[in-house]
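input_23.csv follows; it contains CSV, C-alpha atoms and all ligand atoms.
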chain,number,residue,atom,x,y,z
A,1,MET,CA,-23.9,0.4,-7.5
A,2,SER,CA,-23.8,4.1,-6.6
A,3,GLY,CA,-21.0,4.4,-4.0
A,4,LEU,CA,-18.7,2.6,-1.6
A,5,SER,CA,-20.2,0.4,1.1
A,6,VAL,CA,-17.9,2.1,3.7
A,7,LYS,CA,-17.6,5.6,5.2
A,8,HIS,CA,-13.9,5.4,5.9
A,9,LEU,CA,-11.0,3.5,4.2
A,10,LEU,CA,-9.5,1.7,7.2
A,11,GLY,CA,-8.5,-1.5,5.6
A,12,ILE,CA,-9.1,-3.8,2.6
A,13,LYS,CA,-10.8,-6.3,4.9
A,14,HIS,CA,-13.8,-3.9,5.2
A,15,LEU,CA,-14.2,-3.5,1.4
A,16,THR,CA,-16.4,-5.7,-0.9
A,17,THR,CA,-15.2,-6.9,-4.3
A,18,GLU,CA,-17.7,-4.4,-5.8
A,19,ASP,CA,-16.1,-1.6,-3.8
A,20,ILE,CA,-12.7,-2.5,-5.2
A,21,GLU,CA,-14.0,-2.7,-8.7
A,22,LEU,CA,-15.7,0.7,-8.3
A,23,ILE,CA,-12.4,2.2,-7.1
A,24,PHE,CA,-10.6,0.7,-10.2
A,25,GLN,CA,-13.2,2.0,-12.6
A,26,THR,CA,-13.0,5.5,-11.0
A,27,ALA,CA,-9.2,5.3,-11.1
A,28,ASP,CA,-9.3,4.5,-14.8
A,29,THR,CA,-11.0,7.8,-15.4
A,30,PHE,CA,-8.6,9.7,-13.2
A,31,LYS,CA,-5.6,8.1,-14.9
A,32,ASP,CA,-6.9,9.6,-18.1
A,33,VAL,CA,-7.2,13.0,-16.4
A,34,ILE,CA,-3.6,13.0,-15.0
A,35,ASN,CA,-2.2,12.2,-18.4
A,36,ARG,CA,-3.9,15.2,-20.0
A,37,PRO,CA,-2.2,18.6,-20.4
A,38,ILE,CA,-4.6,20.0,-17.8
A,39,LYS,CA,-4.3,17.5,-15.0
A,40,LYS,CA,-6.8,19.0,-12.6
A,41,VAL,CA,-10.6,18.6,-12.0
A,42,PRO,CA,-12.8,20.6,-9.7
A,43,SER,CA,-14.4,17.6,-8.0
A,44,LEU,CA,-13.2,18.3,-4.4
A,45,ARG,CA,-13.3,22.1,-4.6
A,46,ASP,CA,-15.3,22.4,-1.4
A,47,ILE,CA,-13.4,19.8,0.6
A,48,THR,CA,-10.5,20.3,3.1
A,49,ILE,CA,-8.2,17.4,3.7
A,50,ALA,CA,-5.5,17.0,6.5
A,51,ASN,CA,-2.6,14.7,5.8
A,52,LEU,CA,-1.4,13.6,9.2
A,53,PHE,CA,1.9,11.6,9.1
A,54,PHE,CA,3.1,10.3,12.4
A,55,GLU,CA,5.6,8.0,10.6
A,56,ASN,CA,8.0,8.7,7.7
A,57,SER,CA,6.8,8.5,4.2
A,58,THR,CA,7.9,9.6,0.7
A,59,ARG,CA,5.6,7.9,-1.8
A,60,THR,CA,2.3,7.7,0.1
A,61,LYS,CA,2.5,11.3,1.5
A,62,LEU,CA,3.4,12.9,-1.9
A,63,SER,CA,0.9,10.7,-3.7
A,64,PHE,CA,-2.0,11.7,-1.5
A,65,GLU,CA,-1.0,15.3,-1.6
A,66,LEU,CA,-0.8,15.3,-5.4
A,67,ALA,CA,-4.1,13.3,-5.6
A,68,GLU,CA,-5.8,15.9,-3.4
A,69,LYS,CA,-4.4,18.8,-5.4
A,70,ARG,CA,-5.4,17.2,-8.7
A,71,LEU,CA,-9.0,17.1,-7.3
A,72,SER,CA,-8.8,20.8,-6.3
A,73,ALA,CA,-9.2,20.1,-2.5
A,74,ASP,CA,-7.7,22.4,0.1
A,75,VAL,CA,-4.8,20.6,1.7
A,76,ILE,CA,-3.0,20.9,5.1
A,77,ASN,CA,0.0,18.8,6.0
A,78,PHE,CA,1.1,17.7,9.5
A,79,SER,CA,4.2,15.8,10.4
A,80,ALA,CA,4.6,14.5,14.0
A,81,SER,CA,8.3,15.3,14.2
A,82,ALA,CA,7.5,19.1,13.9
A,83,SER,CA,4.3,19.2,16.0
A,84,SER,CA,3.0,19.5,19.5
A,85,VAL,CA,2.7,15.7,19.7
A,86,LYS,CA,6.3,16.0,20.9
A,87,LYS,CA,5.0,18.0,23.8
A,88,GLY,CA,2.6,15.2,25.0
A,89,GLU,CA,-0.6,16.0,23.1
A,90,THR,CA,-2.9,12.9,22.6
A,91,LEU,CA,-3.9,11.7,19.1
A,92,VAL,CA,-7.6,12.6,19.6
A,93,ASP,CA,-6.7,16.1,21.0
A,94,THR,CA,-4.3,16.7,18.1
A,95,VAL,CA,-6.9,15.7,15.5
A,96,ASN,CA,-9.8,17.5,17.1
A,97,ASN,CA,-7.7,20.7,17.1
A,98,ILE,CA,-7.1,20.2,13.4
A,99,LEU,CA,-10.8,19.4,12.7
A,100,SER,CA,-11.9,22.6,14.5
A,101,MET,CA,-10.4,24.4,11.5
A,102,LYS,CA,-13.2,22.8,9.4
A,103,VAL,CA,-11.4,19.8,8.0
A,104,ASP,CA,-13.6,17.2,6.3
A,105,MET,CA,-11.2,14.3,5.7
A,106,VAL,CA,-8.1,13.0,7.4
A,107,VAL,CA,-5.4,10.9,5.7
A,108,MET,CA,-3.3,9.3,8.5
A,109,ARG,CA,-0.2,7.2,8.7
A,110,HIS,CA,0.6,6.0,12.3
A,111,PRO,CA,3.0,3.5,13.8
A,112,ASP,CA,0.2,1.8,15.8
A,113,ALA,CA,-2.0,-0.8,14.3
A,114,GLY,CA,-5.7,0.2,14.6
A,115,ALA,CA,-4.9,4.0,15.0
A,116,GLY,CA,-7.2,4.9,12.0
A,117,GLU,CA,-10.0,2.7,13.4
A,118,PHE,CA,-9.7,4.4,16.8
A,119,LEU,CA,-9.8,7.8,15.3
A,120,SER,CA,-12.9,7.0,13.2
A,121,ARG,CA,-14.7,6.2,16.5
A,122,HIS,CA,-13.7,9.4,18.2
A,123,VAL,CA,-13.7,12.3,15.7
A,124,ASN,CA,-16.2,13.5,13.2
A,125,ALA,CA,-14.3,13.3,9.9
A,126,ILE,CA,-13.8,10.7,7.1
A,127,ILE,CA,-10.6,8.8,7.8
A,128,VAL,CA,-8.3,7.3,5.2
A,129,ASN,CA,-5.6,4.9,6.5
A,130,ALA,CA,-2.3,5.6,4.9
A,131,GLY,CA,-0.6,2.7,6.8
A,132,ASP,CA,-1.1,1.7,10.5
A,133,GLY,CA,1.8,-0.1,12.1
A,134,ALA,CA,2.1,-3.7,10.7
A,135,HIS,CA,-1.6,-3.9,10.2
A,136,GLU,CA,-3.0,-2.5,6.8
A,137,HIS,CA,-1.9,-0.2,4.0
A,138,PRO,CA,-5.1,-0.3,1.9
A,139,THR,CA,-4.2,2.2,-0.8
A,140,GLN,CA,-0.9,0.4,-1.5
A,141,ALA,CA,-2.8,-2.9,-2.0
A,142,LEU,CA,-5.3,-1.1,-4.3
A,143,LEU,CA,-2.6,0.4,-6.4
A,144,ASP,CA,-0.7,-2.9,-6.5
A,145,ALA,CA,-3.8,-4.9,-7.7
A,146,PHE,CA,-4.7,-2.1,-10.1
A,147,SER,CA,-1.1,-2.3,-11.6
A,148,ILE,CA,-1.5,-6.1,-12.0
A,149,ARG,CA,-4.9,-5.6,-13.7
A,150,GLU,CA,-3.3,-3.0,-16.0
A,151,LYS,CA,-0.4,-5.3,-16.9
A,152,LEU,CA,-2.2,-8.6,-17.2
A,153,GLY,CA,-5.7,-7.5,-18.1
A,154,SER,CA,-7.2,-9.1,-14.9
A,155,VAL,CA,-6.3,-10.1,-11.4
A,156,ARG,CA,-8.6,-13.1,-11.4
A,157,GLY,CA,-6.8,-16.5,-11.7
A,158,LYS,CA,-3.3,-14.9,-11.4
A,159,LYS,CA,-0.6,-16.2,-9.1
A,160,VAL,CA,1.1,-13.6,-6.9
A,161,ALA,CA,4.0,-14.3,-4.6
A,162,ILE,CA,4.7,-11.9,-1.8
A,163,ILE,CA,8.3,-12.3,-0.8
A,164,GLY,CA,10.3,-11.0,2.2
A,165,ASP,CA,9.4,-9.7,5.6
A,166,ILE,CA,5.8,-10.8,5.9
A,167,LEU,CA,5.8,-10.6,9.7
A,168,HIS,CA,6.2,-6.8,9.9
A,169,SER,CA,4.4,-5.9,6.6
A,170,ARG,CA,1.1,-4.0,6.4
A,171,VAL,CA,1.5,-4.2,2.6
A,172,ALA,CA,1.5,-8.0,2.7
A,173,LEU,CA,-1.7,-8.2,4.8
A,174,SER,CA,-3.6,-5.7,2.7
A,175,ASN,CA,-2.4,-7.3,-0.6
A,176,ILE,CA,-3.6,-10.8,0.6
A,177,PHE,CA,-7.1,-9.4,1.3
A,178,ALA,CA,-7.3,-7.5,-2.0
A,179,LEU,CA,-5.9,-10.2,-4.2
A,180,HIS,CA,-8.2,-12.8,-2.7
A,181,LYS,CA,-11.3,-10.6,-3.1
A,182,LEU,CA,-10.3,-10.1,-6.8
A,183,GLY,CA,-9.8,-13.9,-7.4
A,184,ALA,CA,-6.0,-14.3,-7.3
A,185,GLU,CA,-4.0,-17.0,-5.7
A,186,VAL,CA,-1.4,-15.9,-3.1
A,187,MET,CA,1.9,-17.4,-1.9
A,188,VAL,CA,4.1,-15.9,0.8
A,189,CYS,CA,7.8,-16.6,0.8
A,190,GLY,CA,10.6,-15.7,3.3
A,191,PRO,CA,12.6,-17.0,6.2
A,192,ALA,CA,10.5,-19.0,8.7
A,193,THR,CA,11.2,-16.3,11.3
A,194,LEU,CA,9.6,-13.6,9.1
A,195,ILE,CA,6.4,-15.6,8.2
A,196,PRO,CA,3.8,-15.4,11.0
A,197,LYS,CA,2.4,-18.8,12.0
A,198,HIS,CA,-1.3,-17.7,11.6
A,199,ILE,CA,-0.7,-16.8,7.9
A,200,ARG,CA,-2.0,-20.2,6.7
A,201,SER,CA,-5.4,-19.3,8.1
A,202,LEU,CA,-5.6,-16.6,5.5
A,203,ASN,CA,-5.6,-19.3,2.8
A,204,VAL,CA,-2.2,-18.5,1.3
A,205,HIS,CA,0.5,-20.9,0.1
A,206,VAL,CA,3.7,-20.8,2.2
A,207,THR,CA,7.3,-21.5,1.0
A,208,HIS,CA,10.7,-20.7,2.3
A,209,ASP,CA,12.4,-21.3,-1.1
A,210,LEU,CA,12.6,-18.3,-3.3
A,211,ARG,CA,13.2,-20.3,-6.5
A,212,SER,CA,10.1,-22.4,-6.1
A,213,ALA,CA,8.0,-19.2,-5.4
A,214,LEU,CA,9.3,-17.6,-8.5
A,215,GLU,CA,8.6,-20.7,-10.6
A,216,TRP,CA,5.0,-20.8,-9.3
A,217,CYS,CA,4.0,-17.1,-9.7
A,218,ASP,CA,3.0,-14.7,-12.5
A,219,VAL,CA,3.9,-11.7,-10.3
A,220,ALA,CA,6.5,-11.4,-7.6
A,221,ASN,CA,6.0,-8.6,-5.1
A,222,MET,CA,9.3,-8.1,-3.3
A,223,LEU,CA,9.1,-6.6,0.2
A,224,ARG,CA,11.7,-4.6,2.1
A,225,ILE,CA,13.2,-6.0,5.3
A,226,GLN,CA,11.8,-3.6,7.9
A,227,LEU,CA,14.7,-3.3,10.3
A,228,GLU,CA,13.0,-0.4,12.1
A,229,ARG,CA,10.2,-2.7,13.3
A,230,GLN,CA,12.5,-5.6,14.3
A,231,ASP,CA,13.0,-5.8,18.0
A,232,VAL,CA,15.2,-9.0,17.8
A,233,GLN,CA,17.4,-10.5,15.1
A,234,TYR,CA,15.4,-12.6,12.7
A,235,PHE,CA,18.3,-13.7,10.4
A,236,PRO,CA,22.1,-13.7,10.8
A,237,THR,CA,23.1,-10.9,8.4
A,238,LEU,CA,21.6,-8.9,5.6
A,239,ARG,CA,24.2,-10.5,3.3
A,240,GLU,CA,22.9,-14.0,4.1
A,241,TYR,CA,19.3,-12.8,3.7
A,242,ALA,CA,20.2,-11.4,0.2
A,243,GLN,CA,21.9,-14.7,-0.7
A,244,ASN,CA,18.7,-16.7,0.1
A,245,PHE,CA,15.8,-14.3,-0.6
A,246,GLY,CA,17.3,-11.6,-2.9
A,247,LEU,CA,16.1,-11.6,-6.5
A,248,THR,CA,19.0,-11.2,-8.9
A,249,GLY,CA,19.2,-10.7,-12.7
A,250,ARG,CA,20.8,-14.1,-13.1
A,251,MET,CA,17.9,-15.8,-11.4
A,252,LEU,CA,15.5,-13.9,-13.6
A,253,ARG,CA,17.3,-15.0,-16.7
A,254,GLU,CA,17.4,-18.6,-15.5
A,255,LEU,CA,13.7,-18.6,-15.0
A,256,ASP,CA,13.2,-17.7,-18.6
A,257,LYS,CA,9.5,-16.5,-18.2
A,258,GLU,CA,7.6,-13.3,-18.3
A,259,LEU,CA,7.6,-12.6,-14.6
A,260,ILE,CA,6.3,-9.3,-13.4
A,261,ILE,CA,8.3,-7.7,-10.6
A,262,MET,CA,6.7,-5.4,-8.1
A,263,HIS,CA,8.0,-3.5,-5.0
A,264,PRO,CA,6.0,-1.0,-2.8
A,265,GLY,CA,9.2,0.9,-2.1
A,266,PRO,CA,11.4,2.1,-0.5
A,267,ILE,CA,13.8,-0.4,-2.2
A,268,ASN,CA,16.9,-1.7,-0.6
A,269,ARG,CA,19.0,-2.3,-3.7
A,270,GLY,CA,21.2,-5.4,-3.3
A,271,VAL,CA,19.1,-6.8,-0.4
A,272,GLU,CA,15.7,-7.9,-1.6
A,273,ILE,CA,16.3,-7.0,-5.2
A,274,THR,CA,19.4,-6.2,-7.2
A,275,SER,CA,19.7,-3.0,-9.3
A,276,ASP,CA,19.6,-4.9,-12.6
A,277,VAL,CA,16.2,-6.4,-11.6
A,278,ALA,CA,14.8,-3.1,-10.2
A,279,ASP,CA,15.6,-1.4,-13.5
A,280,SER,CA,14.7,-4.3,-15.8
A,281,PRO,CA,11.6,-4.2,-18.2
A,282,ASN,CA,10.1,-6.9,-15.9
A,283,ALA,CA,9.8,-4.3,-13.1
A,284,ILE,CA,6.7,-2.2,-12.9
A,285,ILE,CA,7.8,-0.3,-9.7
A,286,LEU,CA,7.4,3.2,-11.2
A,287,ASP,CA,4.0,2.2,-12.8
A,288,GLN,CA,2.9,1.3,-9.3
A,289,VAL,CA,3.9,4.8,-8.1
A,290,GLN,CA,2.1,6.5,-11.0
A,291,ASN,CA,-1.0,4.4,-10.5
A,292,GLY,CA,-1.0,5.4,-6.8
A,293,VAL,CA,-2.1,8.9,-7.6
A,294,ALA,CA,-5.1,7.7,-9.7
A,295,ILE,CA,-6.1,5.2,-7.0
A,296,ARG,CA,-5.9,7.8,-4.3
A,297,MET,CA,-7.9,10.3,-6.3
A,298,ALA,CA,-10.5,7.6,-6.8
A,299,VAL,CA,-10.6,6.7,-3.0
A,300,LEU,CA,-10.8,10.4,-2.0
A,301,TYR,CA,-13.4,11.2,-4.6
A,302,LEU,CA,-15.7,8.3,-3.7
A,303,LEU,CA,-15.4,8.9,0.1
A,304,ALA,CA,-15.9,12.6,-0.2
A,305,GLY,CA,-19.5,11.8,-1.3
A,306,ARG,CA,-19.9,10.8,2.4
A,307,VAL,CA,-18.9,14.2,3.9
A,308,GLU,CA,-21.8,15.5,6.0
A,401,LIG,N1,5.1,2.3,-0.2
A,401,LIG,C1,5.1,3.2,0.8
A,401,LIG,O1,4.2,3.2,1.7
A,401,LIG,O2,6.2,4.0,0.7
A,401,LIG,P1,6.4,5.2,1.7
A,401,LIG,O3,6.7,4.7,3.1
A,401,LIG,O4,7.5,6.0,1.1
A,401,LIG,O5,5.1,6.0,1.8
Using the file provided, produce a representation of the structure as structure tokens.
Amino acid sequence: MSGLSVKHLLGIKHLTTEDIELIFQTADTFKDVINRPIKKVPSLRDITIANLFFENSTRTKLSFELAEKRLSADVINFSASASSVKKGETLVDTVNNILSMKVDMVVMRHPDAGAGEFLSRHVNAIIVNAGDGAHEHPTQALLDAFSIREKLGSVRGKKVAIIGDILHSRVALSNIFALHKLGAEVMVCGPATLIPKHIRSLNVHVTHDLRSALEWCDVANMLRIQLERQDVQYFPTLREYAQNFGLTGRMLRELDKELIIMHPGPINRGVEITSDVADSPNAIILDQVQNGVAIRMAVLYLLAGRVE
């Protein structure tokens, strides 16, 4: 296979298993590159990329920017809080103004589900979704699955529990799609109020008991409670949530197995995960961040082949 089957990266649901495997093989090469003394390659020397962030980000924004610079692309950064969006400009007008400066690719995070897909239909550039509302966060799922593959040799046949605020999580949805395409089994775990009823139609196991999820899985992906997306109260207090769904060092010791702990960040220490777990040898949270740069280099490199 010579390239990706898609022109844009809008969601994992649009990718084939072969696409994901091609991204992983390309990321393997780029991971070697970024561990060399000279970490740059000239692959995207003629490409200009705009990073448009309409929502806060630390990891994704820095990771994309670093990936672009490692590939020698020209990069411009835009953040909604400091832009004319505040003066009433529409998304399409904003992006078309940026594109008129001869931009080839747009990496966009937006609070609305479907924003990337909308943009791909209205502007002439390659769009990479860096998180759209509670819908998808495809590069996060790719780096998560790549990190499991790195740690366990393969994703196929592994059992992955996604634990926490599933209802508001774009990471959960993209992970479910990616893990299934790669042959893993998925369980979701959290309070009943934070697990959408339709989730069973995605062929996942569901539990509201943290201990049984941890006993079942090889990998536990602990998600943050997304208070900023919660319009009503879904559980009585954060303390009660932590008591029922927070992963502690004591629990980990009692399980007495080689459980891998993941977290997409940002972490709320003491809520979904205690500090001793976050900093334990079981946790691969910083490996995920490091792999994010290689994965994003791979995605940008493969999509840049589609620039007209
Ligand atoms: N994992 C993730 O998307 O983190 P940021 O919100 O900091 O980009």
Within 6 Å of segment 142-158 of chain A, counting all atoms listed in the file, which residues show up once you throw out same-chain ones fewer than 4 positions away? Write them as a list in words, please.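 Once the nearby chain positions are removed, what remains is Leu182, Gly183, Ala184, Gln288, Asn291, Gly292 and Ile295 of chain A.
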To check your reading of the model: which residues sit at most 7 Å from ligand LIG 401 (chain A) when counting all atoms listed in the file? Write the answer as a ChimeraX atom specification. /A:56-61,140,264-266
Residues near Ala278 of chain A, cut-off 9 Å, all atoms listed in the file, skip fewer than 3 positions along chain, as number ranges by chain: A: 261-263, 267, 269, 273-275, 281-285
Each segment 57-159 of chain A residue no farther than 6 Å from segment 7-21 of chain A, nearest pair in Å, only C-alpha atoms, as a Markdown table:
| residue | atom | partner | partner_atom | distance |
| --- | --- | --- | --- | --- |
| A:Ile126 | CA | A:His8 | CA | 5.4 |
| A:Ile127 | CA | A:His8 | CA | 5.1 |
| A:Val128 | CA | A:Leu9 | CA | 4.8 |
| A:Asn129 | CA | A:Leu10 | CA | 5.1 |
| A:Glu136 | CA | A:Gly11 | CA | 5.7 |
| A:Pro138 | CA | A:Gly11 | CA | 5.2 |
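Each of A:Val271, A:Val92, A:Ala50, A:Gly164 was checked against Phe118 of chain A using all atoms listed in the file; the smallest atom-to-atom distance is that of A:Val92.
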Could you list, as number ranges by chain, every residue within 8 Å of Ile23 of chain A, counting all atoms listed in the file and ignoring same-chain residues fewer than 6 positions away? A: 295, 298-299, 302
